[in-house]
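K.L.:
Input run.tsv, format and content: TSV, C-alpha atoms.
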chain	number	residue	atom	x	y	z
Y	1	MET	CA	-26.82	-1.35	6.91
Y	2	SER	CA	-25.44	-4.83	6.79
Y	3	ARG	CA	-22.15	-5.26	8.63
Y	4	ARG	CA	-21.50	-8.44	6.68
Y	5	ALA	CA	-17.98	-9.11	5.51
Y	6	HIS	CA	-17.46	-9.38	1.78
Y	7	ALA	CA	-14.65	-11.40	0.35
Y	8	ASP	CA	-12.25	-9.56	-1.89
Y	9	VAL	CA	-12.19	-11.72	-4.99
Y	10	GLY	CA	-9.29	-9.77	-6.35
Y	11	VAL	CA	-8.10	-6.54	-7.78
Y	12	ALA	CA	-10.33	-5.85	-10.75
Y	13	GLN	CA	-8.08	-3.20	-12.28
Y	14	THR	CA	-5.37	-0.64	-11.59
Y	15	ASP	CA	-5.21	1.19	-14.92
Y	16	HIS	CA	-8.36	3.30	-15.16
Y	17	PRO	CA	-9.04	5.53	-12.15
Y	18	CYS	CA	-12.68	5.75	-11.14
Y	19	TRP	CA	-13.37	8.97	-9.26
Y	20	GLY	CA	-17.18	8.78	-9.29
Y	21	PRO	CA	-17.81	7.46	-5.76
Y	22	LEU	CA	-15.32	9.91	-4.21
Y	23	GLU	CA	-16.60	12.89	-6.19
Y	24	ALA	CA	-20.19	12.04	-5.23
Y	25	LEU	CA	-19.19	12.13	-1.56
Y	26	LEU	CA	-16.65	14.94	-1.18
Y	27	ASP	CA	-16.14	18.51	-2.33
Y	28	PRO	CA	-13.48	18.80	-5.07
Y	29	ARG	CA	-11.18	20.54	-2.56
Y	30	LEU	CA	-11.25	17.36	-0.46
Y	31	CYS	CA	-10.97	14.97	-3.42
Y	32	ALA	CA	-7.64	16.64	-4.20
Y	33	TRP	CA	-6.22	15.13	-1.00
Y	34	PHE	CA	-6.62	11.59	-2.43
Y	35	ASP	CA	-4.98	9.31	-4.97
Y	36	TRP	CA	-6.94	6.50	-6.60
Y	37	THR	CA	-5.00	3.25	-6.22
Y	38	TYR	CA	-7.13	0.31	-7.39
Y	39	GLU	CA	-10.56	-1.22	-7.89
Y	40	ALA	CA	-11.45	-4.47	-6.10
Y	41	ARG	CA	-14.30	-6.81	-6.89
Y	42	LEU	CA	-16.43	-8.14	-4.04
Y	43	ASP	CA	-18.10	-11.52	-3.76
Y	44	ASP	CA	-21.50	-9.85	-4.31
Y	45	GLY	CA	-20.32	-8.48	-7.68
Y	46	ASP	CA	-19.98	-4.87	-6.54
Y	47	HIS	CA	-16.72	-2.98	-7.08
Y	48	VAL	CA	-14.88	-1.02	-4.41
Y	49	GLN	CA	-12.66	1.91	-5.31
Y	50	ALA	CA	-9.59	2.41	-3.09
Y	51	TYR	CA	-8.58	6.03	-2.49
Y	52	LYS	CA	-5.46	6.78	-0.44
Y	53	HIS	CA	-5.21	10.06	1.46
Y	54	ARG	CA	-2.00	11.83	0.46
Y	55	THR	CA	-1.17	13.05	3.96
Y	56	THR	CA	-2.59	10.44	6.32
Y	57	ARG	CA	-1.85	7.46	4.02
Y	58	ARG	CA	-5.20	6.04	5.17
Y	59	TYR	CA	-7.61	4.48	2.71
Y	60	LEU	CA	-11.19	5.40	1.93
Y	61	HIS	CA	-12.84	2.37	0.27
Y	62	LEU	CA	-16.05	3.31	-1.52
Y	63	ALA	CA	-18.56	1.48	-3.68
Y	64	ARG	CA	-21.63	2.67	-5.53
Y	65	LEU	CA	-24.64	4.07	-3.69
Y	66	GLY	CA	-22.62	5.53	-0.83
Y	67	ARG	CA	-21.36	2.23	0.56
Y	68	ALA	CA	-18.10	2.40	2.52
Y	69	PHE	CA	-15.80	-0.40	3.62
Y	70	ARG	CA	-12.88	-1.18	5.87
Y	71	LEU	CA	-10.35	-3.71	4.63
Y	72	GLU	CA	-9.54	-6.32	7.24
Y	73	GLY	CA	-6.97	-9.08	7.24
Y	74	ALA	CA	-7.45	-12.08	4.99
Y	75	GLY	CA	-8.90	-9.93	2.20
Y	76	ALA	CA	-12.27	-9.17	3.75
Y	77	PHE	CA	-14.07	-5.89	3.20
Y	78	VAL	CA	-16.45	-5.04	6.05
Y	79	GLU	CA	-19.12	-2.46	5.39
Y	80	VAL	CA	-18.90	0.49	7.79
Y	81	PRO	CA	-20.99	3.64	8.28
Y	82	LEU	CA	-20.02	6.31	5.79
Y	83	PRO	CA	-19.17	8.97	8.43
Y	84	VAL	CA	-16.82	6.52	10.16
Y	85	ALA	CA	-15.02	5.80	6.89
Y	86	ILE	CA	-14.63	9.51	6.15
Y	87	VAL	CA	-13.30	10.35	9.60
Y	88	THR	CA	-10.88	7.42	9.54
Y	89	ALA	CA	-9.37	8.56	6.24
Y	90	PHE	CA	-8.85	12.11	7.51
Y	91	ILE	CA	-7.33	11.34	10.92
Y	92	GLY	CA	-4.02	13.21	11.00
Y	93	TRP	CA	-4.57	15.51	8.01
Y	94	GLN	CA	-4.12	18.56	10.28
Y	95	ARG	CA	-0.35	18.12	10.07
Y	96	ASP	CA	-0.60	19.42	6.48
Y	97	ALA	CA	-2.63	22.46	7.64
Y	98	PRO	CA	-5.91	22.22	5.71
Y	99	SER	CA	-7.40	25.58	4.84
Y	100	PRO	CA	-10.52	26.86	6.64
Y	101	ALA	CA	-12.50	26.19	3.43
Y	102	GLU	CA	-11.31	22.58	3.38
Y	103	VAL	CA	-12.21	22.11	7.05
Y	104	ALA	CA	-15.67	23.55	6.33
Y	105	ALA	CA	-16.04	21.21	3.34
Y	106	LEU	CA	-15.19	18.23	5.55
Y	107	ARG	CA	-17.75	19.30	8.14
Y	108	THR	CA	-20.35	19.59	5.36
Y	109	ALA	CA	-19.47	16.15	3.96
Y	110	LEU	CA	-19.77	14.54	7.39
Y	111	ALA	CA	-23.15	16.17	7.99
Y	112	ALA	CA	-24.41	15.07	4.56
Y	113	ALA	CA	-23.20	11.51	5.22
Y	114	GLY	CA	-25.41	11.22	8.26
Y	115	GLY	CA	-23.41	12.99	10.91
Y	116	PRO	CA	-20.01	12.28	12.36
Y	117	PRO	CA	-19.31	9.86	15.20
Y	118	ASP	CA	-19.17	11.52	18.63
Y	119	GLY	CA	-16.14	13.76	19.02
Y	120	ALA	CA	-14.96	13.09	15.49
Y	121	VAL	CA	-15.43	16.57	14.06
Y	122	GLU	CA	-12.99	18.20	16.46
Y	123	ALA	CA	-10.55	15.33	15.92
Y	124	VAL	CA	-10.34	15.86	12.16
Y	125	ALA	CA	-11.90	19.27	11.50
Y	126	PRO	CA	-10.97	21.60	14.35
Y	127	GLY	CA	-12.69	24.94	14.54
Y	128	SER	CA	-9.67	27.01	13.62
Y	129	THR	CA	-6.78	26.07	11.39
Y	130	ALA	CA	-3.99	27.91	9.67
Y	131	GLY	CA	-4.07	28.19	5.92
Y	132	ARG	CA	-2.03	25.60	4.06
Y	133	PRO	CA	1.03	26.83	2.25
Y	134	GLY	CA	1.22	25.98	-1.43
Y	135	GLU	CA	-2.41	25.78	-2.53
Y	136	GLY	CA	-3.17	23.70	-5.61
Y	137	ARG	CA	-2.84	20.08	-4.63
When written as structure tokens, how does the structure in this file appear?
P.N.:
Amino acid sequence: MSRRAHADVGVAQTDHPCWGPLEALLDPRLCAWFDWTYEARLDDGDHVQAYKHRTTRRYLHLARLGRAFRLEGAGAFVEVPLPVAIVTAFIGWQRDAPSPAEVAALRTALAAAGGPPDGAVEAVAPGSTAGRPGEGR
């Protein structure tokens, strides 16, 4: 994967949520933890969807074909490994007590994305969690 920075040539749109990249990556139970916020256009013509985690307030920036990005200062998107992007978005979600099924879904998503970074699974998907009150995000 290229680690090249891509210039953000601007917000392409904020009116029509695009859930495709997120839904292709995560189980619906995990998608429910996110809000779509905007679509940005990159200098290579690709579009990046910005999804904000409702608990952690961290972004998951996704493009087509499983590409993930980190937004850096000065409007540059840097491509990052998909498992790293997933873990980063979920850091701190335990404070909202994800259900065991949601934790299992996150483990499955990380494995399907190529495996989590060392130590990341226990950081964001601990082996045992309490059920979350108020199901139905």
K.L.:
Can you pull out every residue within 7 Å of stretch 83-100 of chain Y, counting all atoms listed in the file, but drop anything in the same chain fewer than 3 positions away, and send it as a PyMOL selection string?
P.N.:
chain Y and resi 53+55-56+58-60+68+80+103-104+110+113-117+120+124+129-132
K.L.:
Can you pull out the residues contacting Y:Ala50? Cut-off 12 Å, using all atoms listed in the file, and skip same-chain residues under 5 positions away; I want them as a PyMOL selection string.
P.N.:
chain Y and resi 11-14+17-22+34-41+57-63+68-71+77+85+89
K.L.:
To one decimal in Å, tell me the separation between atom CA of Y:Asp27 and atom CA of Y:Ala105.
P.N.:
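Interatomic distance here is 6.3 Å.
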K.L.:
What is the atom CA of Y:Ala32-atom CA of Y:Lys52 distance in Å, reported with one decimal?
P.N.:
10.8 Å
K.L.:
Just how far from atom CA of Y:Gly66 is atom CA of Y:Trp33, in Å to one decimal?
P.N.:
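Result for atom CA of Y:Trp33 versus atom CA of Y:Gly66: 19.0 Å, one decimal.
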